[in-house]
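Here the structure comes first, spelled out in structure tokens, and everything after it is commentary.
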Amino acid sequence: MTEEARATTVLLVGALMVRLWAGGAYARYVRVGMGWWLLVAGVLLVALGLTGVVRALWPRRQAVAAQGPADGHAHGHGHGDRVGWLLLAPVLALLLVTPPALGSFGVDRSAAVNITSTGRTFDPLLAGGSVVPMSLLEFDERVADHDGASFGSTPVRLTGFVARTADGGGFRIARYQIACCAADAVSAVVRVTGTIGNPPARDRWVTVTGTFQHSADAVAELHATSLTEVPAPADPYE
């Protein structure tokens, strides 16, 4: 791989990182709080790549000027050099097309949140209070805590994407939890029951309000009183 190809690869990777930050698409792959670090790394790679490209091309231009046009084209690149440039293809593809965030396809094919509880963890929700917004992870954790004793009859609000359109008497919604990036994602899943009509399509984001109910299996269950389709959030992970 030539020095020009190496430097160009670094330059394009840096440009890709800056593009992801500028458009906000980086939140599909890493924690939102890591955005500024991604921008700094991208700017440094762009600067390093540009420096490498200039350093690689400048001696060649000097040599061509000294030898003249006839001699300057006498030596072509070898087959190995041409193959090296093919390594730029994946980076160029990512610059043109941004892959989506993790969705329903990976829910049943990746690790799921596994929660166990030996002691009481959560205080009871206020009875008769207003609707409590809650992450799917907390909902699953409360279900595991003494079989959902902390819910009482208090309604909660969950937001997630449709992971399965048919599951028992309802459908499943999910949301991924990540520690730093999409590579370590695990999913929290809740079954939604009590809705009328056809369920939303897979990967559509919904906000569901309802109450906890006991399920016949290990999947946490919410009996819905309202369901609204919503746009995908800027940060798809919890």
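By convention in this document, the chains of the structure tokens carry letters A, B, ... by their order, each chain's residues are numbered from 1, and ligands are numbered from 1 in the order they are shown.
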
- prompt: What's the 9 Å shell around His214 (chain A), counting only C-alpha atoms, without same-chain residues fewer than 3 positions away, as an NGL selection string?
  reply: :A and (143 or 147-148 or 217 or 220-222)

Mind writing the picked residues with N, CA, C and O atoms as an mmCIF file, in the first residue's frame?
data_model
loop_
_atom_site.group_PDB
_atom_site.id
_atom_site.type_symbol
_atom_site.label_atom_id
_atom_site.label_comp_id
_atom_site.auth_asym_id
_atom_site.auth_seq_id
_atom_site.Cartn_x
_atom_site.Cartn_y
_atom_site.Cartn_z
ATOM 1 N N VAL A 143 -39.983 -5.162 37.451
ATOM 2 C CA VAL A 143 -40.686 -6.436 37.321
ATOM 3 C C VAL A 143 -39.935 -7.536 38.066
ATOM 4 O O VAL A 143 -40.542 -8.382 38.730
ATOM 5 N N ASP A 147 -41.497 -9.421 41.865
ATOM 6 C CA ASP A 147 -42.573 -9.643 40.903
ATOM 7 C C ASP A 147 -43.407 -8.388 40.677
ATOM 8 O O ASP A 147 -44.643 -8.442 40.587
ATOM 9 N N GLY A 148 -42.725 -7.246 40.556
ATOM 10 C CA GLY A 148 -43.404 -6.007 40.206
ATOM 11 C C GLY A 148 -44.182 -5.357 41.328
ATOM 12 O O GLY A 148 -45.074 -4.532 41.067
ATOM 13 N N ASP A 217 -44.886 -15.787 31.265
ATOM 14 C CA ASP A 217 -43.515 -16.195 30.986
ATOM 15 C C ASP A 217 -42.566 -15.149 31.570
ATOM 16 O O ASP A 217 -42.955 -14.325 32.404
ATOM 17 N N ALA A 220 -41.429 -9.175 30.581
ATOM 18 C CA ALA A 220 -42.180 -8.148 31.307
ATOM 19 C C ALA A 220 -43.356 -7.682 30.455
ATOM 20 O O ALA A 220 -43.251 -7.591 29.233
ATOM 21 N N GLU A 221 -44.486 -7.365 31.112
ATOM 22 C CA GLU A 221 -45.695 -7.069 30.354
ATOM 23 C C GLU A 221 -46.354 -5.780 30.841
ATOM 24 O O GLU A 221 -46.436 -5.522 32.044
ATOM 25 N N LEU A 222 -46.818 -4.998 29.879
ATOM 26 C CA LEU A 222 -47.520 -3.747 30.153
ATOM 27 C C LEU A 222 -48.882 -3.785 29.479
ATOM 28 O O LEU A 222 -48.972 -4.027 28.274
#

- request: Write out as a PyMOL selection string which residues come within 8 Å of Gly42 (chain A) when counting only C-alpha atoms, dropping same-chain ones fewer than 2 positions away.
  value: chain A and resi 13-18+38-40+44-46

field: Within 12 Å of region 196-208 of chain A using only C-alpha atoms, minus same-chain residues under 6 positions, as a PyMOL selection string
entry: chain A and resi 100-107+131-136+155-167+169-175+190+221-234+236

Generate the output file for the selected residues, C-alpha atoms, as a PDB file, in the first residue's frame.
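Okay, this is what ended up in part-v5.pdb:
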ATOM      1  CA  PRO A 100     -29.145   3.022  10.695  1.00  0.00           C
ATOM      2  CA  ALA A 101     -29.119   2.465  14.433  1.00  0.00           C
ATOM      3  CA  LEU A 102     -29.613  -1.032  15.807  1.00  0.00           C
ATOM      4  CA  GLY A 103     -33.181  -2.205  15.381  1.00  0.00           C
ATOM      5  CA  SER A 104     -35.551  -5.141  15.678  1.00  0.00           C
ATOM      6  CA  PHE A 105     -33.403  -7.518  13.608  1.00  0.00           C
ATOM      7  CA  GLY A 106     -30.798  -7.742  16.351  1.00  0.00           C
ATOM      8  CA  VAL A 107     -33.112  -8.024  19.375  1.00  0.00           C
ATOM      9  CA  VAL A 131     -48.092   8.910  34.776  1.00  0.00           C
ATOM     10  CA  VAL A 132     -44.454   8.058  35.485  1.00  0.00           C
ATOM     11  CA  PRO A 133     -42.031   8.173  32.506  1.00  0.00           C
ATOM     12  CA  MET A 134     -39.729   5.178  32.707  1.00  0.00           C
ATOM     13  CA  SER A 135     -37.010   3.476  30.694  1.00  0.00           C
ATOM     14  CA  LEU A 136     -37.577  -0.075  29.528  1.00  0.00           C
ATOM     15  CA  PRO A 155     -49.515   4.074  35.202  1.00  0.00           C
ATOM     16  CA  VAL A 156     -46.120   4.358  33.496  1.00  0.00           C
ATOM     17  CA  ARG A 157     -44.978   5.608  30.098  1.00  0.00           C
ATOM     18  CA  LEU A 158     -42.465   3.681  27.968  1.00  0.00           C
ATOM     19  CA  THR A 159     -40.849   4.570  24.644  1.00  0.00           C
ATOM     20  CA  GLY A 160     -39.236   2.003  22.376  1.00  0.00           C
ATOM     21  CA  PHE A 161     -39.258   0.496  18.896  1.00  0.00           C
ATOM     22  CA  VAL A 162     -41.454  -2.416  17.835  1.00  0.00           C
ATOM     23  CA  ALA A 163     -39.325  -5.552  17.984  1.00  0.00           C
ATOM     24  CA  ARG A 164     -41.995  -8.146  17.238  1.00  0.00           C
ATOM     25  CA  THR A 165     -45.473  -7.439  15.871  1.00  0.00           C
ATOM     26  CA  ALA A 166     -47.095 -10.591  17.248  1.00  0.00           C
ATOM     27  CA  ASP A 167     -46.290 -12.050  20.656  1.00  0.00           C
ATOM     28  CA  GLY A 169     -51.792 -11.367  23.120  1.00  0.00           C
ATOM     29  CA  GLY A 170     -49.816  -8.332  22.009  1.00  0.00           C
ATOM     30  CA  PHE A 171     -46.497  -7.225  20.549  1.00  0.00           C
ATOM     31  CA  ARG A 172     -43.026  -6.474  21.849  1.00  0.00           C
ATOM     32  CA  ILE A 173     -41.177  -3.192  22.132  1.00  0.00           C
ATOM     33  CA  ALA A 174     -37.479  -2.935  22.895  1.00  0.00           C
ATOM     34  CA  ARG A 175     -34.658  -0.517  23.462  1.00  0.00           C
ATOM     35  CA  VAL A 190     -41.438  -5.423  27.151  1.00  0.00           C
ATOM     36  CA  GLU A 221     -45.695  -7.069  30.354  1.00  0.00           C
ATOM     37  CA  LEU A 222     -47.520  -3.747  30.153  1.00  0.00           C
ATOM     38  CA  HIS A 223     -51.283  -3.447  29.681  1.00  0.00           C
ATOM     39  CA  ALA A 224     -51.664  -0.374  27.470  1.00  0.00           C
ATOM     40  CA  THR A 225     -54.266   2.361  27.857  1.00  0.00           C
ATOM     41  CA  SER A 226     -52.832   4.519  25.057  1.00  0.00           C
ATOM     42  CA  LEU A 227     -50.316   4.107  22.252  1.00  0.00           C
ATOM     43  CA  THR A 228     -48.805   6.769  20.004  1.00  0.00           C
ATOM     44  CA  GLU A 229     -46.341   6.401  17.166  1.00  0.00           C
ATOM     45  CA  VAL A 230     -43.463   8.875  17.580  1.00  0.00           C
ATOM     46  CA  PRO A 231     -40.352   9.846  15.577  1.00  0.00           C
ATOM     47  CA  ALA A 232     -37.147   8.044  16.418  1.00  0.00           C
ATOM     48  CA  PRO A 233     -35.365   9.915  19.240  1.00  0.00           C
ATOM     49  CA  ALA A 234     -32.042  11.642  18.651  1.00  0.00           C
ATOM     50  CA  PRO A 236     -31.931   5.768  20.420  1.00  0.00           C
TER      51      PRO A 236
END

message: Report, in Å with one decimal, the straight-line distance from CA of Ala27 (chain A) to CA of Glu238 (chain A).
response: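 These atoms are spaced 11.4 Å apart.
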
message: What parts of region 6-215 of chain A does DSSP call alpha helix (DSSP H)? I'd like the answer as an NGL selection string.
response: :A and (6-23 or 35-67 or 69-72 or 79-85 or 88-96 or 136-144)

- line: re CA of Leu125 (chain A) and CA of Gln213 (chain A): distance 14.7 Å

- prompt: Taking only C-alpha atoms into account, which of A:Leu20, A:Val54, A:Ala7, A:Met34 comes nearest Cys180 (chain A)?
  reply: A:Met34

field: Members of chain A assigned strand (DSSP E or B) by DSSP, as a VMD selection string
entry: chain A and resid 30 112 132 to 133 156 to 167 170 to 177 181 186 to 193 205 to 213 220 to 229

Spatial neighbours of Val53 (chain A), max dist 9 Å, only C-alpha atoms, sep filter under 5 positions, as a ChimeraX atom specification: /A:3-8,11,48,58

- prompt: So, counting only C-alpha atoms, which residue among A:Ala182, A:Leu88, A:Asp108, A:Leu96 is closest to Thr9 (chain A)?
  reply: A:Leu88
